[in-house]
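Asks: Please find query-v8.pdb (PDB, C-alpha atoms) on the next line:
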```pdb
ATOM      1  CA  MET A   1      97.675 131.793 169.676
ATOM      2  CA  ASP A   2      99.105 134.607 167.594
ATOM      3  CA  GLY A   3      99.542 134.797 163.847
ATOM      4  CA  VAL A   4     102.749 136.629 163.010
ATOM      5  CA  GLY A   5     104.453 134.767 160.206
ATOM      6  CA  GLY A   6     108.055 133.926 161.045
ATOM      7  CA  LEU A   7     107.636 134.750 164.757
ATOM      8  CA  THR A   8     104.906 132.477 166.119
ATOM      9  CA  GLN A   9     104.360 130.225 163.088
ATOM     10  CA  ARG A  10     105.200 129.764 159.428
ATOM     11  CA  ALA A  11     103.280 131.930 157.009
ATOM     12  CA  ILE A  12     100.331 130.120 155.408
ATOM     13  CA  PRO A  13     101.227 129.658 151.733
ATOM     14  CA  PRO A  14      98.646 129.414 148.933
ATOM     15  CA  GLY A  15      96.872 126.060 148.964
ATOM     16  CA  GLU A  16      97.566 125.337 152.646
ATOM     17  CA  THR A  17      95.482 125.834 155.791
ATOM     18  CA  PHE A  18      96.173 126.524 159.450
ATOM     19  CA  LYS A  19      93.726 126.004 162.321
ATOM     20  CA  TYR A  20      93.786 128.477 165.194
ATOM     21  CA  GLU A  21      92.503 126.935 168.406
ATOM     22  CA  PHE A  22      92.587 128.632 171.789
ATOM     23  CA  THR A  23      90.630 129.236 174.996
ATOM     24  CA  LEU A  24      88.905 132.589 175.438
ATOM     25  CA  TRP A  25      90.129 134.097 178.688
ATOM     26  CA  GLN A  26      88.802 137.631 178.187
ATOM     27  CA  HIS A  27      85.652 139.210 176.835
ATOM     28  CA  GLY A  28      85.205 142.360 174.818
ATOM     29  CA  THR A  29      85.484 143.796 171.330
ATOM     30  CA  ILE A  30      88.493 142.309 169.577
ATOM     31  CA  MET A  31      89.732 142.550 165.969
ATOM     32  CA  TYR A  32      91.377 139.960 163.757
ATOM     33  CA  HIS A  33      93.503 140.584 160.688
ATOM     34  CA  SER A  34      96.437 139.304 158.703
ATOM     35  CA  HIS A  35      99.929 139.937 160.108
ATOM     36  CA  HIS A  36     101.691 139.001 156.879
ATOM     37  CA  ASP A  37     102.333 141.526 154.100
ATOM     38  CA  GLU A  38      99.954 143.835 155.968
ATOM     39  CA  MET A  39     100.264 146.739 153.550
ATOM     40  CA  THR A  40      98.630 144.562 150.906
ATOM     41  CA  GLN A  41      96.469 142.100 152.784
ATOM     42  CA  MET A  42      94.898 144.505 155.288
ATOM     43  CA  ALA A  43      94.613 147.227 152.643
ATOM     44  CA  LEU A  44      92.497 144.820 150.579
ATOM     45  CA  GLY A  45      90.199 143.994 153.499
ATOM     46  CA  MET A  46      91.518 140.886 155.268
ATOM     47  CA  LEU A  47      90.153 141.902 158.668
ATOM     48  CA  GLY A  48      87.108 141.655 160.909
ATOM     49  CA  LEU A  49      85.579 141.999 164.378
ATOM     50  CA  PHE A  50      85.572 139.282 167.046
ATOM     51  CA  ILE A  51      82.930 139.933 169.742
ATOM     52  CA  ILE A  52      83.337 137.928 172.952
ATOM     53  CA  HIS A  53      80.484 138.136 175.473
ATOM     54  CA  PRO A  54      81.113 137.580 179.202
ATOM     55  CA  ARG A  55      79.976 134.253 180.602
ATOM     56  CA  GLU A  56      78.630 136.078 183.684
ATOM     57  CA  PRO A  57      77.549 139.611 182.700
ATOM     58  CA  LYS A  58      77.874 142.390 185.273
ATOM     59  CA  GLY A  59      76.200 145.767 185.350
ATOM     60  CA  PRO A  60      73.180 146.909 183.340
ATOM     61  CA  MET A  61      72.701 145.054 180.065
ATOM     62  CA  PRO A  62      72.215 147.027 176.835
ATOM     63  CA  ASP A  63      68.931 146.901 174.967
ATOM     64  CA  ARG A  64      70.744 147.476 171.666
ATOM     65  CA  ASP A  65      74.299 146.386 170.861
ATOM     66  CA  PHE A  66      75.948 147.641 167.647
ATOM     67  CA  ALA A  67      79.447 147.046 166.266
ATOM     68  CA  TYR A  68      81.353 149.024 163.625
ATOM     69  CA  LEU A  69      84.706 148.389 161.989
ATOM     70  CA  LEU A  70      86.327 151.548 160.577
ATOM     71  CA  SER A  71      88.307 151.268 157.344
ATOM     72  CA  GLU A  72      89.813 153.593 154.756
ATOM     73  CA  TRP A  73      90.714 152.884 151.160
ATOM     74  CA  LYS A  74      92.341 154.573 148.190
ATOM     75  CA  ILE A  75      90.091 153.798 145.219
ATOM     76  CA  ILE A  76      90.816 155.757 142.065
ATOM     77  CA  PRO A  77      87.479 156.537 140.337
ATOM     78  CA  GLY A  78      86.705 153.912 137.716
ATOM     79  CA  THR A  79      89.041 151.235 139.081
ATOM     80  CA  MET A  80      87.983 147.796 140.301
ATOM     81  CA  ARG A  81      89.890 147.526 143.600
ATOM     82  CA  PRO A  82      91.670 149.607 146.256
ATOM     83  CA  ASP A  83      95.289 150.642 145.824
ATOM     84  CA  PRO A  84      97.107 148.641 148.555
ATOM     85  CA  MET A  85     100.290 150.722 148.254
ATOM     86  CA  GLU A  86      98.685 154.025 149.293
ATOM     87  CA  MET A  87      99.874 155.672 152.526
ATOM     88  CA  THR A  88      98.250 159.128 152.686
ATOM     89  CA  GLU A  89      95.528 159.883 150.123
ATOM     90  CA  PHE A  90      92.630 157.709 151.268
ATOM     91  CA  ASN A  91      89.374 158.761 149.613
ATOM     92  CA  VAL A  92      86.811 156.112 150.603
ATOM     93  CA  LEU A  93      85.970 155.833 154.317
ATOM     94  CA  THR A  94      83.669 153.041 155.498
ATOM     95  CA  LEU A  95      81.655 151.699 158.421
ATOM     96  CA  ASN A  96      81.583 147.892 158.171
ATOM     97  CA  GLY A  97      82.722 148.199 154.571
ATOM     98  CA  LYS A  98      79.890 150.546 153.535
ATOM     99  CA  VAL A  99      79.518 154.267 152.992
ATOM    100  CA  PHE A 100      76.499 156.456 153.644
ATOM    101  CA  PRO A 101      73.731 156.117 152.515
ATOM    102  CA  GLY A 102      74.521 152.406 152.243
ATOM    103  CA  THR A 103      75.187 152.215 155.984
ATOM    104  CA  ALA A 104      72.274 150.863 158.013
ATOM    105  CA  PRO A 105      70.857 153.291 160.609
ATOM    106  CA  MET A 106      70.850 152.384 164.283
ATOM    107  CA  ILE A 107      67.189 152.057 165.290
ATOM    108  CA  VAL A 108      66.417 152.329 169.018
ATOM    109  CA  LYS A 109      63.475 153.021 171.292
ATOM    110  CA  THR A 110      63.351 155.979 173.636
ATOM    111  CA  GLY A 111      64.802 154.899 176.977
ATOM    112  CA  ASP A 112      66.975 152.118 175.549
ATOM    113  CA  ARG A 113      70.490 151.621 176.847
ATOM    114  CA  VAL A 114      72.610 151.521 173.679
ATOM    115  CA  ARG A 115      76.069 150.018 173.350
ATOM    116  CA  ILE A 116      78.246 150.808 170.312
ATOM    117  CA  ARG A 117      81.502 148.924 169.737
ATOM    118  CA  ILE A 118      83.970 150.684 167.427
ATOM    119  CA  GLY A 119      87.113 149.075 166.006
ATOM    120  CA  ASN A 120      89.682 150.898 163.882
ATOM    121  CA  LEU A 121      91.728 148.926 161.369
ATOM    122  CA  SER A 122      92.140 151.752 158.901
ATOM    123  CA  ALA A 123      95.648 152.092 157.580
ATOM    124  CA  MET A 124      97.006 155.423 158.782
ATOM    125  CA  ASP A 125      94.310 157.508 160.489
ATOM    126  CA  HIS A 126      92.842 157.736 163.939
ATOM    127  CA  HIS A 127      89.132 158.528 163.863
ATOM    128  CA  PRO A 128      87.302 160.894 166.251
ATOM    129  CA  ILE A 129      83.841 159.307 166.238
ATOM    130  CA  HIS A 130      81.160 161.828 167.172
ATOM    131  CA  PHE A 131      77.396 161.724 167.612
ATOM    132  CA  HIS A 132      74.589 164.191 168.120
ATOM    133  CA  GLY A 133      71.648 164.608 170.484
ATOM    134  CA  HIS A 134      73.090 162.759 173.486
ATOM    135  CA  HIS A 135      76.296 162.098 175.378
ATOM    136  CA  TRP A 136      77.913 158.750 176.037
ATOM    137  CA  TRP A 137      80.442 157.108 178.344
ATOM    138  CA  VAL A 138      83.476 155.184 177.145
ATOM    139  CA  THR A 139      83.027 151.861 178.968
ATOM    140  CA  GLU A 140      85.652 149.554 177.440
ATOM    141  CA  THR A 141      88.883 149.504 175.480
ATOM    142  CA  ASP A 142      90.346 146.466 173.730
ATOM    143  CA  ALA A 143      92.185 145.753 176.983
ATOM    144  CA  GLY A 144      89.024 145.440 179.081
ATOM    145  CA  VAL A 145      86.286 147.199 181.020
ATOM    146  CA  ILE A 146      86.899 150.709 182.375
ATOM    147  CA  PRO A 147      85.810 150.978 186.039
ATOM    148  CA  GLU A 148      82.668 153.072 186.390
ATOM    149  CA  SER A 149      84.506 155.531 188.650
ATOM    150  CA  ALA A 150      86.954 156.288 185.795
ATOM    151  CA  ARG A 151      84.347 157.152 183.145
ATOM    152  CA  TRP A 152      83.196 160.609 182.130
ATOM    153  CA  PRO A 153      80.642 161.928 179.621
ATOM    154  CA  GLU A 154      81.769 162.586 176.046
ATOM    155  CA  VAL A 155      80.224 163.264 172.643
ATOM    156  CA  THR A 156      83.371 162.250 170.718
ATOM    157  CA  VAL A 157      85.675 159.284 171.233
ATOM    158  CA  LEU A 158      89.056 159.048 169.521
ATOM    159  CA  VAL A 159      89.611 155.525 168.197
ATOM    160  CA  PRO A 160      93.342 155.057 167.458
ATOM    161  CA  VAL A 161      94.600 152.795 164.676
ATOM    162  CA  GLY A 162      94.596 149.184 165.840
ATOM    163  CA  SER A 163      92.320 149.852 168.823
ATOM    164  CA  THR A 164      88.711 149.438 169.877
ATOM    165  CA  ARG A 165      86.496 151.616 172.028
ATOM    166  CA  THR A 166      83.072 150.761 173.430
ATOM    167  CA  VAL A 167      80.588 153.491 174.347
ATOM    168  CA  GLU A 168      77.180 153.406 176.003
ATOM    169  CA  PHE A 169      74.376 155.938 176.295
ATOM    170  CA  ILE A 170      70.706 156.201 177.246
ATOM    171  CA  ALA A 171      68.540 157.106 174.256
ATOM    172  CA  ASN A 172      66.481 159.796 176.001
ATOM    173  CA  ASN A 173      66.177 162.269 173.114
ATOM    174  CA  PRO A 174      63.834 161.149 170.294
ATOM    175  CA  GLY A 175      64.811 162.147 166.766
ATOM    176  CA  ASP A 176      67.273 161.481 163.969
ATOM    177  CA  TRP A 177      70.878 161.973 165.051
ATOM    178  CA  ALA A 178      74.173 161.850 163.152
ATOM    179  CA  PHE A 179      76.977 159.383 163.970
ATOM    180  CA  HIS A 180      80.191 159.989 162.054
ATOM    181  CA  CYS A 181      83.929 160.573 161.978
ATOM    182  CA  HIS A 182      84.601 164.253 162.651
ATOM    183  CA  MET A 183      87.557 164.532 160.264
ATOM    184  CA  SER A 184      85.927 166.583 157.524
ATOM    185  CA  HIS A 185      87.143 164.649 154.463
ATOM    186  CA  HIS A 186      86.101 161.379 156.073
ATOM    187  CA  VAL A 187      82.436 162.206 155.435
ATOM    188  CA  MET A 188      83.147 163.249 151.851
ATOM    189  CA  ASN A 189      84.523 160.208 149.991
ATOM    190  CA  GLN A 190      85.845 160.780 146.459
ATOM    191  CA  MET A 191      85.073 164.483 146.474
ATOM    192  CA  GLY A 192      87.889 166.281 148.262
ATOM    193  CA  HIS A 193      91.021 164.937 146.610
ATOM    194  CA  ASN A 194      93.004 166.060 143.564
ATOM    195  CA  LEU A 195      90.503 168.793 142.652
ATOM    196  CA  PRO A 196      91.299 172.486 142.246
ATOM    197  CA  ASN A 197      89.724 174.933 144.704
ATOM    198  CA  LEU A 198      87.012 176.774 142.776
ATOM    199  CA  ILE A 199      85.181 178.279 145.748
ATOM    200  CA  GLY A 200      84.088 181.785 144.767
ATOM    201  CA  VAL A 201      85.232 181.491 141.153
ATOM    202  CA  ASN A 202      82.895 183.206 138.685
ATOM    203  CA  LYS A 203      82.285 180.598 135.999
ATOM    204  CA  GLU A 204      79.447 182.479 134.281
ATOM    205  CA  GLY A 205      79.163 181.223 130.740
ATOM    206  CA  PHE A 206      82.036 178.755 131.102
ATOM    207  CA  ASP A 207      79.913 175.587 131.339
ATOM    208  CA  LYS A 208      77.939 176.561 128.232
ATOM    209  CA  ARG A 209      81.123 176.975 126.210
ATOM    210  CA  ALA A 210      82.707 173.835 127.653
ATOM    211  CA  LYS A 211      79.672 171.710 126.778
ATOM    212  CA  GLN A 212      80.230 172.484 123.119
ATOM    213  CA  ALA A 213      83.418 170.438 123.331
ATOM    214  CA  VAL A 214      82.435 168.049 126.144
ATOM    215  CA  PRO A 215      78.692 167.257 126.205
ATOM    216  CA  GLY A 216      77.321 167.063 129.755
ATOM    217  CA  TYR A 217      80.278 168.932 131.285
ATOM    218  CA  MET A 218      79.666 170.587 134.671
ATOM    219  CA  THR A 219      82.193 172.543 136.738
ATOM    220  CA  MET A 220      82.466 171.265 140.317
ATOM    221  CA  GLY A 221      83.018 173.284 143.442
ATOM    222  CA  GLU A 222      81.942 176.844 142.634
ATOM    223  CA  ALA A 223      79.988 177.012 145.904
ATOM    224  CA  GLY A 224      81.297 173.892 147.580
ATOM    225  CA  MET A 225      80.535 170.243 146.864
ATOM    226  CA  ALA A 226      77.398 169.635 148.885
ATOM    227  CA  GLU A 227      75.067 169.840 145.898
ATOM    228  CA  MET A 228      76.868 167.260 143.762
ATOM    229  CA  GLY A 229      75.071 164.166 145.086
ATOM    230  CA  GLU A 230      71.645 165.770 145.031
ATOM    231  CA  MET A 231      72.100 166.900 141.444
ATOM    232  CA  GLY A 232      72.660 163.307 140.365
ATOM    233  CA  MET A 233      75.578 164.049 138.067
ATOM    234  CA  LYS A 234      77.147 161.099 136.283
ATOM    235  CA  VAL A 235      80.192 159.571 137.942
ATOM    236  CA  PRO A 236      82.799 157.078 136.707
ATOM    237  CA  ARG A 237      81.989 153.391 136.979
ATOM    238  CA  ASN A 238      82.945 151.795 140.321
ATOM    239  CA  SER A 239      83.070 155.155 142.097
ATOM    240  CA  LEU A 240      81.677 156.264 145.448
ATOM    241  CA  PRO A 241      81.402 160.044 145.511
ATOM    242  CA  MET A 242      79.607 161.843 148.308
ATOM    243  CA  ILE A 243      76.062 161.068 147.191
ATOM    244  CA  GLY A 244      74.286 161.824 150.492
ATOM    245  CA  ALA A 245      70.606 161.027 151.016
ATOM    246  CA  LYS A 246      67.229 162.653 151.510
ATOM    247  CA  GLY A 247      66.608 163.525 155.168
ATOM    248  CA  PRO A 248      63.409 164.412 157.050
ATOM    249  CA  HIS A 249      63.912 168.144 156.356
ATOM    250  CA  ASP A 250      66.363 168.499 153.476
ATOM    251  CA  TYR A 251      69.138 166.669 151.647
ATOM    252  CA  ILE A 252      71.840 165.236 153.979
ATOM    253  CA  THR A 253      75.079 166.438 152.404
ATOM    254  CA  MET A 254      77.360 163.925 154.100
ATOM    255  CA  GLY A 255      78.760 160.563 153.056
ATOM    256  CA  GLY A 256      81.580 158.160 153.811
ATOM    257  CA  MET A 257      82.064 157.239 157.471
ATOM    258  CA  TYR A 258      78.567 158.316 158.520
ATOM    259  CA  THR A 259      75.234 156.847 159.582
ATOM    260  CA  ASN A 260      72.143 157.900 161.555
ATOM    261  CA  ILE A 261      70.807 157.002 164.984
ATOM    262  CA  LYS A 262      66.989 156.961 164.901
ATOM    263  CA  VAL A 263      65.405 157.229 168.358
ATOM    264  CA  ARG A 264      61.634 156.696 168.394
ATOM    265  CA  ASP A 265      59.009 156.995 171.150
ATOM    266  CA  HIS A 266      56.628 154.525 169.530
ATOM    267  CA  LEU A 267      58.313 151.541 167.934
ATOM    268  CA  GLU A 268      56.640 148.150 167.966
ATOM    269  CA  SER A 269      59.632 146.375 166.486
ATOM    270  CA  TYR A 270      63.250 147.199 165.686
ATOM    271  CA  ASP A 271      62.462 145.926 162.195
ATOM    272  CA  GLN A 272      59.810 148.625 161.760
ATOM    273  CA  ASP A 273      60.610 151.354 159.238
ATOM    274  CA  PRO A 274      61.590 154.303 161.469
ATOM    275  CA  ARG A 275      60.521 156.777 158.769
ATOM    276  CA  LEU A 276      56.901 155.869 159.435
ATOM    277  CA  VAL A 277      56.865 156.661 163.163
TER     278      VAL A 277
END
```
Turn this file's structure into structure tokens for me.
Replies:
Amino acid sequence: MDGVGGLTQRAIPPGETFKYEFTLWQHGTIMYHSHHDEMTQMALGMLGLFIIHPREPKGPMPDRDFAYLLSEWKIIPGTMRPDPMEMTEFNVLTLNGKVFPGTAPMIVKTGDRVRIRIGNLSAMDHHPIHFHGHHWWVTETDAGVIPESARWPEVTVLVPVGSTRTVEFIANNPGDWAFHCHMSHHVMNQMGHNLPNLIGVNKEGFDKRAKQAVPGYMTMGEAGMAEMGEMGMKVPRNSLPMIGAKGPHDYITMGGMYTNIKVRDHLESYDQDPRLV
């Protein structure tokens, strides 16, 4: 069954229901979303992942199986909802609807075979998803399994709009490793848009004078934006600037479409706090 209003069925009007019922004839990482007034309905989050496991698995089974849905939103600081009419200036980038440090880390044991399923239903951008400390193989697309003879090692997989990619790797390198989109503004959030470039500007004395008129004023971007989250400056209500998080060595100055892979030699349970081992 499909769900294109006017083509395969009537659109579902307010107050009515429609039951989709079909036989699963393929397995893999599939996405579902509205196909009616997409610019509004998908832009406001009417979408999700549909994971279908094979009845008779073949090949080595993963020890850990993660799934991420990539989304992008235009949320003007202080507003209550995304702007569904936006086409270019997306400033909030999410993994499963969350931004770092709200994204949950992937916790694995050394030697685990790890599978990561990545679906992209963002509006306008492909996402080159990259990770550190290892290499992986692209094992599946949304059309099915890639034969083992056709795979090659990568550290970045491009996930086009409307597509899924599945990757697998052996966690043989203990440590904390980044997993993120490699488009630079996609790990920034509401920090890189509609702001003047002040890199290298000498603002000596300016903040002091400005605070006389605007208490608490602070110029942004004199030496970049990495320090903004760590400094804890006030932000507008309902905003998600790049706030980063404390890492094992220093402050992690990344946000948005980012999380960490934590590989540990000694881990009694996947529920164990990986910071303690």
Asks: At a cut-off of 8 Å from (75.3, 165.7, 166.3) in the coordinates of the file, what residues are picked up using all atoms listed in the file, written as a PyMOL selection string?
Replies: chain A and resi 130-133+177-179
Asks: Determine, counting only C-alpha atoms, which protein, DNA and RNA residues have an atom within 8 Å of an atom of stretch 108-117 of chain A; residues of the same chain fewer than 4 positions away are not included. Present the result as a ChimeraX atom specification.
Replies: /A:29,61-68,164-174,261-267,270
Asks: Just give me the gap between atom CA of A:Met46 and atom CA of A:Ala123 in Å, one decimal is fine.
Replies: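 That distance, rounded to one decimal, is 12.2 Å.
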Asks: Could you tell me which of A:Glu38, A:Tyr251, A:Arg275, A:Lys58 comes closest to A:Pro147 if we count only C-alpha atoms?
Replies: A:Lys58
Asks: Which polymer residues have any atom within 10 Å of an atom of A:Gly48, counting only C-alpha atoms, with same-chain residues fewer than 5 positions away left out, as a list in words?
Replies: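 Counting only the stated atoms, we get Ile30, Met31, Tyr32, His33, Ser34, Tyr68, Leu69, Leu70, Asn96, Gly119 and Leu121 of chain A.
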Asks: Just to confirm, what's the straight-line distance from atom CA of A:Thr79 to atom CA of A:Ile252 in Å (one decimal)?
Replies: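 Those two atoms sit 26.7 Å apart.
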Asks: Draw an axis-aligned box over all listed atoms of stretch 236-242 of chain A, pad each side with 6 Å, and write its centre and edge lengths in Å, one decimal, as AutoDock Vina command-line options.
Replies:
```
--center_x 81.3 --center_y 156.8 --center_z 142.5 --size_x 15.5 --size_y 22.0 --size_z 23.6
```
Asks: Quick one: residues within 9 Å of A:Gly3, all atoms listed in the file, excluding same-chain residues fewer than 6 positions away - as number ranges by chain?
Replies: A: 9-11, 20, 33-36
Asks: Starting from the PyMOL selection byres ((chain A and resi 142) around 12), expand the selection into actual residues of this file and give them as a VMD selection string.
Replies: chain A and resid 26 to 32 49 to 52 117 to 120 138 to 141 143 to 146 159 to 166
Asks: Kindly save the residues from that selection, with C-alpha atoms included, as a short mmCIF file (atom, residue, chain, number, x, y, z; two decimals), in the coordinates of the input.
Replies:
```cif
data_model
loop_
_atom_site.label_atom_id
_atom_site.label_comp_id
_atom_site.auth_asym_id
_atom_site.auth_seq_id
_atom_site.Cartn_x
_atom_site.Cartn_y
_atom_site.Cartn_z
CA GLN A 26 88.80 137.63 178.19
CA HIS A 27 85.65 139.21 176.84
CA GLY A 28 85.20 142.36 174.82
CA THR A 29 85.48 143.80 171.33
CA ILE A 30 88.49 142.31 169.58
CA MET A 31 89.73 142.55 165.97
CA TYR A 32 91.38 139.96 163.76
CA LEU A 49 85.58 142.00 164.38
CA PHE A 50 85.57 139.28 167.05
CA ILE A 51 82.93 139.93 169.74
CA ILE A 52 83.34 137.93 172.95
CA ARG A 117 81.50 148.92 169.74
CA ILE A 118 83.97 150.68 167.43
CA GLY A 119 87.11 149.07 166.01
CA ASN A 120 89.68 150.90 163.88
CA VAL A 138 83.48 155.18 177.14
CA THR A 139 83.03 151.86 178.97
CA GLU A 140 85.65 149.55 177.44
CA THR A 141 88.88 149.50 175.48
CA ALA A 143 92.18 145.75 176.98
CA GLY A 144 89.02 145.44 179.08
CA VAL A 145 86.29 147.20 181.02
CA ILE A 146 86.90 150.71 182.38
CA VAL A 159 89.61 155.52 168.20
CA PRO A 160 93.34 155.06 167.46
CA VAL A 161 94.60 152.79 164.68
CA GLY A 162 94.60 149.18 165.84
CA SER A 163 92.32 149.85 168.82
CA THR A 164 88.71 149.44 169.88
CA ARG A 165 86.50 151.62 172.03
CA THR A 166 83.07 150.76 173.43
#
```
Asks: Find the spatial neighbours of A:Asp207, counting only C-alpha atoms, within a cut-off of 10 Å - ignore same-chain residues fewer than 3 positions away - and output them as a list of chain:residue names.
Replies: A:Lys203, A:Glu204, A:Ala210, A:Lys211, A:Gln212, A:Val214, A:Pro215, A:Gly216, A:Tyr217, A:Met218, A:Thr219
Asks: Report, in Å with one decimal, the straight-line distance from atom CA of A:Gln190 to atom CA of A:Leu240.
Replies: 6.2 Å
Asks: Go ahead and find all residues with at least one atom no further than 10 Å from (79.8, 152.8, 156.1) in the file's coordinates, using all atoms listed in the file; report them as a ChimeraX atom specification.
Replies: /A:68-71,92-104,180,187,255-259
Asks: Using only C-alpha atoms, which residue out of A:Thr8, A:Pro60, A:Ala43, A:Pro241 lies closest to A:Met87?
Replies: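 Closest to A:Met87 of all the choices is A:Ala43.
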Asks: Using all atoms listed in the file, which residue out of A:Gly5, A:Pro84, A:Gly15, A:Pro77 lies closest to A:Met42?
Replies: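 Distance minimum relative to A:Met42 lands on A:Pro84.
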Asks: Using all atoms listed in the file, which of the listed residues (A:Thr156, A:Thr17, A:Thr40, A:Ser184) sits closest to A:Met254?
Replies: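 The shortest atom-to-atom distance to A:Met254 comes from A:Ser184.
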Asks: Under the PyMOL selection byres ((chain A and resi 86) around 12), which residues of this model are included? Write them out as a list in words.
Replies: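 After applying the PyMOL selection byres ((chain A and resi 86) around 12), what remains is Met39, Thr40, Met42, Ala43, Leu44, Glu72, Trp73, Lys74, Ile75, Ile76, Pro82, Asp83, Pro84, Met85, Met87, Thr88, Glu89, Phe90, Asn91, Ser122, Ala123 and Met124 of chain A.
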Asks: Once you have the residues from the selection above, write them out as a CSV table (one decimal), in the coordinates of the input, restricted to C-alpha atoms.
Replies:
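Full text of again-v9.csv as output:
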```csv
chain,number,residue,atom,x,y,z
A,39,MET,CA,100.3,146.7,153.6
A,40,THR,CA,98.6,144.6,150.9
A,42,MET,CA,94.9,144.5,155.3
A,43,ALA,CA,94.6,147.2,152.6
A,44,LEU,CA,92.5,144.8,150.6
A,72,GLU,CA,89.8,153.6,154.8
A,73,TRP,CA,90.7,152.9,151.2
A,74,LYS,CA,92.3,154.6,148.2
A,75,ILE,CA,90.1,153.8,145.2
A,76,ILE,CA,90.8,155.8,142.1
A,82,PRO,CA,91.7,149.6,146.3
A,83,ASP,CA,95.3,150.6,145.8
A,84,PRO,CA,97.1,148.6,148.6
A,85,MET,CA,100.3,150.7,148.3
A,87,MET,CA,99.9,155.7,152.5
A,88,THR,CA,98.2,159.1,152.7
A,89,GLU,CA,95.5,159.9,150.1
A,90,PHE,CA,92.6,157.7,151.3
A,91,ASN,CA,89.4,158.8,149.6
A,122,SER,CA,92.1,151.8,158.9
A,123,ALA,CA,95.6,152.1,157.6
A,124,MET,CA,97.0,155.4,158.8
```
Asks: Pick out the closest residue to A:Met106 from this set: A:Gly59, A:Gly205, A:Pro153, A:Gly175. Count all atoms listed in the file.
Replies: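 Under the stated criterion, the closest residue is A:Gly175.
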